[in-house]
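Engineer: This is the structure I want to talk about, given as structure tokens.
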Amino acid sequence: MEEKIAAARFDDAVQNLGKLTRCLNLSISTKARVQEIRLRIDKPVVLSLPEGPLFITKFGTPAVLPREGLLCASRDSIDEAFRLICECSVHSHQREIKNGFVTIRGGHRAGICGTAVTEGRTITNIRDISSINLRIARDIKGAADGVVKAIVSHGSVCGTLIFGPPGCGKTTVLRDLARRLSLGSLFGKIHRVAVVDERGEIAATYHGKPQNDLGPCCDVLDGYPKGEGIMQAVRSLSPDVVICDEIGGEEDEKAVELSLNAGVAVIASAHAGSAAELLTRPQTARLLNSGAFKLAIKLAGKENPGKVEHVYTLESLQQFRMNYNNARIGKDIRSA
């Protein structure tokens, strides 16, 4: 049943790409596993799956390796897909386009690549669209099971930083976690949740309505810069928990400190392939030093999205930092 639902999400997404993808002849199992559809001018259409890329023949059948006779995206097909993604109203999506993506009905997100139009050092538009990456949105109930277990073991909902390499399921976990907190699935308490969704990936808001299920007690600040969104949520929405994706900017640090002083837990994600990388990045190191995060949870790679690889408490992170620094000092002495 879940596989059929996932395949239906694929079918819903490809409707936004026009005639080019109407010839697709894929099994339900393949459709259910597709994460992204990539179109590039005069290049083969590529489907991204957990096990690797998949090409499409002109007959719509899958091919594992590049070869002659593959389905390619033309200038016209890229233009048609772009118009459909923008609902034939490019002007109304200008803000999203200049940021490089458009969220469409169903919560799917189209990444846009082309030639930047700039004023000074600011991008004001993108013209001559050359490629589109359609990321298929899927609500995966239970994706946060491992993270929930770690939080429950801690004894209370607390500041938590979820980190890992790209594609490891951080955003999917945050989405499921927001829903479960809002539903009252943790500690038998319904939590007021505020999601600061700067890039529209958690809630996938479309015309003001979240396309993903975040539960009955969740407010979404769509398109807000994380720092401003966190501060506005704390000041005006009285949340128990603020959730946001890819934290790390200077304004984010100030906002997290404000939430800490207000007694609001922040649950956020950060890009880092290891604990060492997390601690050596100045932005995330400062966030951890603020005391706002009691747990840091490392997710495994894209082969196992959402799987918890390691749980660090604040104390164990401090011990890891000390051991790591001592090892670096020893290495420097030996190489001197």
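Each chain in the structure tokens gets a letter, A, B and so on, in the order shown; residues start at 1 in every chain, and ligands are counted from 1 in the order they appear.
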Please list as JSON, numbers by chain every residue within 9 Å of Ala265 (chain A), counting only C-alpha atoms and excluding residues in the same chain fewer than 2 positions away.

Structural biologist: {"A": [157, 158, 159, 160, 239, 240, 241, 242, 243, 256, 259, 260, 262, 263, 267, 292, 293]}

Engineer: Take the residues that were just selected and, keeping N, CA, C and O atoms, output them as a tab-separated table (two decimals), in the first residue's frame.

Structural biologist:
chain	number	residue	atom	x	y	z
A	157	VAL	N	11.51	16.86	25.69
A	157	VAL	CA	11.79	17.53	24.41
A	157	VAL	C	12.80	18.64	24.69
A	157	VAL	O	12.57	19.50	25.54
A	158	CYS	N	13.91	18.62	24.00
A	158	CYS	CA	14.99	19.57	24.27
A	158	CYS	C	15.58	20.07	22.96
A	158	CYS	O	15.29	19.54	21.88
A	159	GLY	N	16.44	21.08	23.05
A	159	GLY	CA	17.15	21.56	21.88
A	159	GLY	C	17.94	20.43	21.24
A	159	GLY	O	18.75	19.78	21.92
A	160	THR	N	17.70	20.18	19.98
A	160	THR	CA	18.31	19.03	19.29
A	160	THR	C	18.81	19.46	17.92
A	160	THR	O	18.08	20.08	17.14
A	239	PRO	N	5.39	29.31	21.02
A	239	PRO	CA	5.58	27.87	20.74
A	239	PRO	C	6.30	27.17	21.90
A	239	PRO	O	7.01	27.79	22.69
A	240	ASP	N	6.08	25.86	21.96
A	240	ASP	CA	6.91	25.02	22.84
A	240	ASP	C	8.19	24.63	22.12
A	240	ASP	O	9.24	24.47	22.75
A	241	VAL	N	8.07	24.46	20.81
A	241	VAL	CA	9.20	23.99	19.99
A	241	VAL	C	9.22	24.79	18.68
A	241	VAL	O	8.19	25.03	18.07
A	242	VAL	N	10.43	25.19	18.28
A	242	VAL	CA	10.64	25.78	16.95
A	242	VAL	C	11.47	24.80	16.13
A	242	VAL	O	12.50	24.30	16.62
A	243	ILE	N	11.02	24.52	14.92
A	243	ILE	CA	11.74	23.59	14.04
A	243	ILE	C	12.17	24.33	12.78
A	243	ILE	O	11.37	25.07	12.19
A	256	VAL	N	18.51	31.74	18.17
A	256	VAL	CA	18.54	30.56	19.02
A	256	VAL	C	18.78	30.96	20.48
A	256	VAL	O	18.17	30.41	21.40
A	259	SER	N	15.53	32.19	21.87
A	259	SER	CA	14.61	31.08	22.18
A	259	SER	C	15.04	30.36	23.45
A	259	SER	O	14.19	29.94	24.25
A	260	LEU	N	16.34	30.24	23.65
A	260	LEU	CA	16.85	29.60	24.87
A	260	LEU	C	16.42	30.39	26.10
A	260	LEU	O	15.94	29.81	27.09
A	262	ALA	N	13.89	32.25	26.32
A	262	ALA	CA	12.43	32.21	26.45
A	262	ALA	C	11.92	30.83	26.83
A	262	ALA	O	10.70	30.63	26.98
A	263	GLY	N	12.82	29.86	26.96
A	263	GLY	CA	12.42	28.51	27.32
A	263	GLY	C	11.82	27.72	26.18
A	263	GLY	O	11.06	26.76	26.41
A	267	ILE	N	14.68	22.68	17.47
A	267	ILE	CA	15.11	21.44	16.82
A	267	ILE	C	15.45	21.80	15.38
A	267	ILE	O	14.59	22.29	14.64
A	292	ALA	N	22.13	25.83	23.77
A	292	ALA	CA	20.74	25.68	23.33
A	292	ALA	C	20.43	24.24	22.89
A	292	ALA	O	19.27	23.83	22.90
A	293	PHE	N	21.47	23.50	22.52
A	293	PHE	CA	21.26	22.13	22.05
A	293	PHE	C	21.82	21.13	23.06
A	293	PHE	O	23.01	21.13	23.35

Engineer: Name the residues in contact with Cys72 (chain A) at a cut-off of 10 Å, using only C-alpha atoms, excluding same-chain residues fewer than 4 positions from it; report them as a list of chain:residue names.

Structural biologist: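 Skipping anything fewer than 4 positions along the chain leaves A:Leu20, A:Leu39, A:Arg40, A:Ile41, A:Asp42, A:Lys43, A:Pro44, A:Val45, A:Val46, A:Phe55, A:Ile56, A:Thr57, A:Lys58, A:Ser77.
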
Engineer: Taking only C-alpha atoms into account, which of A:Ala178, A:Cys218, A:Val147, A:Ala268 comes nearest His310 (chain A)?

Structural biologist: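 For His310 (chain A), the nearest of the given residues is A:Val147.
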
Engineer: Return as a PyMOL selection string the full set of residues in region 76-315 of chain A whose backbone-based DSSP assignment is strand (DSSP E).

Structural biologist: chain A and resi 101-103+109-119+122-135+160-164+193-197+205-206+209-210+218-222+241-244+265-271+295-299+308-313

Engineer: Expressed in Å to a single decimal, how great is the separation between CA of Pro53 (chain A) and CA of Gly200 (chain A)?

Structural biologist: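 According to the coordinates, CA of Pro53 (chain A) and CA of Gly200 (chain A) are separated by 25.1 Å.
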
Engineer: Could you make a table, as CSV, of the residues of region 199-246 of chain A that have an atom within 7 Å of an atom of region 106-122 of chain A, each with its nearest atom pair and distance in Å to one decimal, counting only C-alpha atoms, in chain and number order?

Structural biologist:
residue,atom,partner,partner_atom,distance
A:Ala204,CA,A:Gly107,CA,4.5
A:Thr205,CA,A:Gly107,CA,6.8
A:Gln211,CA,A:Gly107,CA,5.1
A:Asn212,CA,A:Gly107,CA,6.7

Engineer: Take the residues from that selection and put them in a file with N, CA and C atoms, as a PDB file, in the first residue's frame.

Structural biologist:
ATOM      1  N   ALA A 204       6.177  22.625   2.683  1.00  0.00           N
ATOM      2  CA  ALA A 204       5.839  22.725   1.251  1.00  0.00           C
ATOM      3  C   ALA A 204       4.538  23.504   1.069  1.00  0.00           C
ATOM      4  N   THR A 205       4.511  24.724   1.583  1.00  0.00           N
ATOM      5  CA  THR A 205       3.309  25.549   1.519  1.00  0.00           C
ATOM      6  C   THR A 205       3.022  25.969   0.079  1.00  0.00           C
ATOM      7  N   GLN A 211       1.332  21.587   2.212  1.00  0.00           N
ATOM      8  CA  GLN A 211       0.990  20.380   1.466  1.00  0.00           C
ATOM      9  C   GLN A 211       1.367  19.119   2.235  1.00  0.00           C
ATOM     10  N   ASN A 212       2.243  19.272   3.227  1.00  0.00           N
ATOM     11  CA  ASN A 212       2.636  18.134   4.054  1.00  0.00           C
ATOM     12  C   ASN A 212       1.909  18.190   5.388  1.00  0.00           C
TER      13      ASN A 212
END

Engineer: So which residues of region 75-254 of chain A fall under alpha helix (DSSP H) by DSSP, listed as a VMD selection string?

Structural biologist: chain A and resid 75 to 85 94 to 98 145 to 154 170 to 183 226 to 236 250 to 254

Engineer: At a cut-off of 10 Å, using only C-alpha atoms, what residues contact Lys254 (chain A)? Leave out same-chain residues fewer than 4 positions from it and give the result as JSON, numbers by chain.

Structural biologist: {"A": [227, 228, 230, 231, 249, 250, 258, 259, 260, 287, 290]}

Engineer: For all heavy atoms, I'd like the residues from the last selection saved as a PDB file, in the first residue's frame.

Structural biologist:
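Result written to again26.pdb:
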ATOM      1  N   GLY A 227      16.662  33.236  11.018  1.00  0.00           N
ATOM      2  CA  GLY A 227      16.851  34.077  12.200  1.00  0.00           C
ATOM      3  C   GLY A 227      15.627  34.910  12.514  1.00  0.00           C
ATOM      4  O   GLY A 227      15.130  34.916  13.653  1.00  0.00           O
ATOM      5  N   GLU A 228      15.099  35.607  11.506  1.00  0.00           N
ATOM      6  CA  GLU A 228      13.916  36.448  11.708  1.00  0.00           C
ATOM      7  C   GLU A 228      12.697  35.604  12.067  1.00  0.00           C
ATOM      8  O   GLU A 228      11.884  35.991  12.912  1.00  0.00           O
ATOM      9  CB  GLU A 228      13.634  37.259  10.447  1.00  0.00           C
ATOM     10  CG  GLU A 228      14.678  38.327  10.148  1.00  0.00           C
ATOM     11  CD  GLU A 228      14.341  39.091   8.872  1.00  0.00           C
ATOM     12  OE1 GLU A 228      13.144  39.231   8.564  1.00  0.00           O
ATOM     13  OE2 GLU A 228      15.284  39.535   8.194  1.00  0.00           O
ATOM     14  N   ILE A 230      12.569  32.612  13.566  1.00  0.00           N
ATOM     15  CA  ILE A 230      12.645  32.100  14.940  1.00  0.00           C
ATOM     16  C   ILE A 230      12.262  33.189  15.928  1.00  0.00           C
ATOM     17  O   ILE A 230      11.465  32.962  16.855  1.00  0.00           O
ATOM     18  CB  ILE A 230      14.060  31.561  15.241  1.00  0.00           C
ATOM     19  CG1 ILE A 230      14.368  30.317  14.403  1.00  0.00           C
ATOM     20  CG2 ILE A 230      14.202  31.226  16.734  1.00  0.00           C
ATOM     21  CD1 ILE A 230      15.811  29.864  14.464  1.00  0.00           C
ATOM     22  N   MET A 231      12.794  34.400  15.739  1.00  0.00           N
ATOM     23  CA  MET A 231      12.493  35.493  16.673  1.00  0.00           C
ATOM     24  C   MET A 231      11.010  35.865  16.625  1.00  0.00           C
ATOM     25  O   MET A 231      10.395  36.097  17.670  1.00  0.00           O
ATOM     26  CB  MET A 231      13.375  36.700  16.356  1.00  0.00           C
ATOM     27  CG  MET A 231      14.827  36.497  16.759  1.00  0.00           C
ATOM     28  SD  MET A 231      15.843  37.988  16.712  1.00  0.00           S
ATOM     29  CE  MET A 231      16.192  38.076  14.959  1.00  0.00           C
ATOM     30  N   GLY A 249      23.646  30.442  10.278  1.00  0.00           N
ATOM     31  CA  GLY A 249      24.022  31.829  10.027  1.00  0.00           C
ATOM     32  C   GLY A 249      24.160  32.641  11.309  1.00  0.00           C
ATOM     33  O   GLY A 249      23.737  32.222  12.391  1.00  0.00           O
ATOM     34  N   GLU A 250      24.759  33.815  11.184  1.00  0.00           N
ATOM     35  CA  GLU A 250      24.972  34.685  12.341  1.00  0.00           C
ATOM     36  C   GLU A 250      23.649  35.090  12.993  1.00  0.00           C
ATOM     37  O   GLU A 250      23.519  35.093  14.218  1.00  0.00           O
ATOM     38  CB  GLU A 250      25.753  35.932  11.917  1.00  0.00           C
ATOM     39  CG  GLU A 250      26.147  36.833  13.084  1.00  0.00           C
ATOM     40  CD  GLU A 250      26.987  38.018  12.645  1.00  0.00           C
ATOM     41  OE1 GLU A 250      27.597  37.953  11.558  1.00  0.00           O
ATOM     42  OE2 GLU A 250      27.014  39.012  13.389  1.00  0.00           O
ATOM     43  N   LEU A 258      17.847  33.787  21.821  1.00  0.00           N
ATOM     44  CA  LEU A 258      16.573  34.350  22.277  1.00  0.00           C
ATOM     45  C   LEU A 258      15.612  33.239  22.673  1.00  0.00           C
ATOM     46  O   LEU A 258      14.943  33.321  23.721  1.00  0.00           O
ATOM     47  CB  LEU A 258      15.953  35.198  21.159  1.00  0.00           C
ATOM     48  CG  LEU A 258      14.541  35.740  21.415  1.00  0.00           C
ATOM     49  CD1 LEU A 258      14.559  36.770  22.539  1.00  0.00           C
ATOM     50  CD2 LEU A 258      13.943  36.340  20.147  1.00  0.00           C
ATOM     51  N   SER A 259      15.527  32.190  21.871  1.00  0.00           N
ATOM     52  CA  SER A 259      14.614  31.080  22.177  1.00  0.00           C
ATOM     53  C   SER A 259      15.035  30.361  23.454  1.00  0.00           C
ATOM     54  O   SER A 259      14.187  29.942  24.251  1.00  0.00           O
ATOM     55  CB  SER A 259      14.560  30.100  21.000  1.00  0.00           C
ATOM     56  OG  SER A 259      15.787  29.392  20.868  1.00  0.00           O
ATOM     57  N   LEU A 260      16.345  30.235  23.653  1.00  0.00           N
ATOM     58  CA  LEU A 260      16.854  29.601  24.868  1.00  0.00           C
ATOM     59  C   LEU A 260      16.417  30.386  26.098  1.00  0.00           C
ATOM     60  O   LEU A 260      15.936  29.815  27.089  1.00  0.00           O
ATOM     61  CB  LEU A 260      18.381  29.511  24.802  1.00  0.00           C
ATOM     62  CG  LEU A 260      19.106  28.942  26.029  1.00  0.00           C
ATOM     63  CD1 LEU A 260      18.707  27.490  26.264  1.00  0.00           C
ATOM     64  CD2 LEU A 260      20.620  29.062  25.864  1.00  0.00           C
ATOM     65  N   LEU A 287      26.928  27.588  17.889  1.00  0.00           N
ATOM     66  CA  LEU A 287      25.576  27.193  18.278  1.00  0.00           C
ATOM     67  C   LEU A 287      25.615  26.145  19.390  1.00  0.00           C
ATOM     68  O   LEU A 287      24.843  26.214  20.350  1.00  0.00           O
ATOM     69  CB  LEU A 287      24.825  26.635  17.065  1.00  0.00           C
ATOM     70  CG  LEU A 287      24.304  27.648  16.046  1.00  0.00           C
ATOM     71  CD1 LEU A 287      23.862  26.947  14.775  1.00  0.00           C
ATOM     72  CD2 LEU A 287      23.152  28.463  16.632  1.00  0.00           C
ATOM     73  N   SER A 290      26.499  27.588  22.716  1.00  0.00           N
ATOM     74  CA  SER A 290      25.474  28.446  23.338  1.00  0.00           C
ATOM     75  C   SER A 290      24.687  27.718  24.413  1.00  0.00           C
ATOM     76  O   SER A 290      24.039  28.345  25.251  1.00  0.00           O
ATOM     77  CB  SER A 290      24.497  28.944  22.262  1.00  0.00           C
ATOM     78  OG  SER A 290      23.675  27.882  21.791  1.00  0.00           O
TER      79      SER A 290
END

Engineer: Between A:His91, A:Lys307, A:His191, A:Arg175, which residue has the minimum interatomic distance to Pro210 (chain A), considering only C-alpha atoms?

Structural biologist: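 When distances to Pro210 (chain A) are compared using only C-alpha atoms, the smallest one comes from A:Arg175.
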
Engineer: Work out how far apart CA of Leu134 (chain A) and CA of Phe163 (chain A) are and give it in Å to one decimal.

Structural biologist: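 About the pair CA of Leu134 (chain A) and CA of Phe163 (chain A): they are 23.8 Å apart.
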
Engineer: Any idea what's packed within 6 Å of Leu49 (chain A), counting only C-alpha atoms, ignoring anything in its chain fewer than 2 positions away? Could you give it as a PyMOL selection string?

Structural biologist: chain A and resi 33-35+51-53

Engineer: Could you take the residues named above and write them with all heavy atoms, as an mmCIF file, in the first residue's frame?

Structural biologist:
data_model
loop_
_atom_site.group_PDB
_atom_site.id
_atom_site.type_symbol
_atom_site.label_atom_id
_atom_site.label_comp_id
_atom_site.auth_asym_id
_atom_site.auth_seq_id
_atom_site.Cartn_x
_atom_site.Cartn_y
_atom_site.Cartn_z
ATOM 1 N N ARG A 33 10.536 4.663 -5.694
ATOM 2 C CA ARG A 33 11.883 4.924 -5.194
ATOM 3 C C ARG A 33 12.514 6.180 -5.782
ATOM 4 O O ARG A 33 13.572 6.611 -5.318
ATOM 5 C CB ARG A 33 12.802 3.728 -5.454
ATOM 6 C CG ARG A 33 12.352 2.445 -4.790
ATOM 7 C CD ARG A 33 13.472 1.421 -4.683
ATOM 8 N NE ARG A 33 14.229 1.270 -5.905
ATOM 9 C CZ ARG A 33 13.854 0.548 -6.968
ATOM 10 N NH1 ARG A 33 12.687 -0.059 -6.967
ATOM 11 N NH2 ARG A 33 14.631 0.430 -8.027
ATOM 12 N N VAL A 34 11.897 6.766 -6.805
ATOM 13 C CA VAL A 34 12.466 7.958 -7.441
ATOM 14 C C VAL A 34 12.398 9.138 -6.477
ATOM 15 O O VAL A 34 11.350 9.451 -5.925
ATOM 16 C CB VAL A 34 11.733 8.303 -8.745
ATOM 17 C CG1 VAL A 34 12.267 9.617 -9.321
ATOM 18 C CG2 VAL A 34 11.904 7.185 -9.766
ATOM 19 N N GLN A 35 13.541 9.798 -6.284
ATOM 20 C CA GLN A 35 13.624 10.967 -5.402
ATOM 21 C C GLN A 35 13.605 12.272 -6.185
ATOM 22 O O GLN A 35 13.031 13.263 -5.726
ATOM 23 C CB GLN A 35 14.905 10.887 -4.562
ATOM 24 C CG GLN A 35 14.960 9.671 -3.655
ATOM 25 C CD GLN A 35 16.337 9.454 -3.052
ATOM 26 O OE1 GLN A 35 17.357 9.782 -3.660
ATOM 27 N NE2 GLN A 35 16.372 8.879 -1.855
ATOM 28 N N GLU A 51 19.754 4.008 -4.979
ATOM 29 C CA GLU A 51 20.853 3.160 -5.439
ATOM 30 C C GLU A 51 21.658 3.784 -6.570
ATOM 31 O O GLU A 51 22.673 3.234 -6.981
ATOM 32 C CB GLU A 51 20.333 1.781 -5.873
ATOM 33 C CG GLU A 51 19.314 1.826 -6.990
ATOM 34 C CD GLU A 51 17.876 1.863 -6.519
ATOM 35 O OE1 GLU A 51 17.613 2.432 -5.441
ATOM 36 O OE2 GLU A 51 17.014 1.309 -7.228
ATOM 37 N N GLY A 52 21.218 4.941 -7.081
ATOM 38 C CA GLY A 52 21.978 5.607 -8.126
ATOM 39 C C GLY A 52 21.077 6.153 -9.219
ATOM 40 O O GLY A 52 19.852 5.986 -9.194
ATOM 41 N N PRO A 53 21.681 6.794 -10.248
ATOM 42 C CA PRO A 53 20.888 7.389 -11.327
ATOM 43 C C PRO A 53 20.311 6.341 -12.267
ATOM 44 O O PRO A 53 20.864 5.255 -12.437
ATOM 45 C CB PRO A 53 21.898 8.288 -12.042
ATOM 46 C CG PRO A 53 23.222 7.660 -11.769
ATOM 47 C CD PRO A 53 23.124 7.066 -10.401
#

Engineer: Please determine, counting only C-alpha atoms, which residue among A:Gly215, A:Gly291, A:Gly229, A:Pro50 has the shortest atom-to-atom distance to Lys141 (chain A).

Structural biologist: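 Closest to Lys141 (chain A), using only C-alpha atoms: A:Gly215.
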
Engineer: Kindly indicate which residue among A:Arg105, A:Lys298, A:Arg22, A:Lys189 lies nearest to Ala203 (chain A), using only C-alpha atoms for the distances.

Structural biologist: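 Ranked by minimum distance to Ala203 (chain A), first place goes to A:Arg105.
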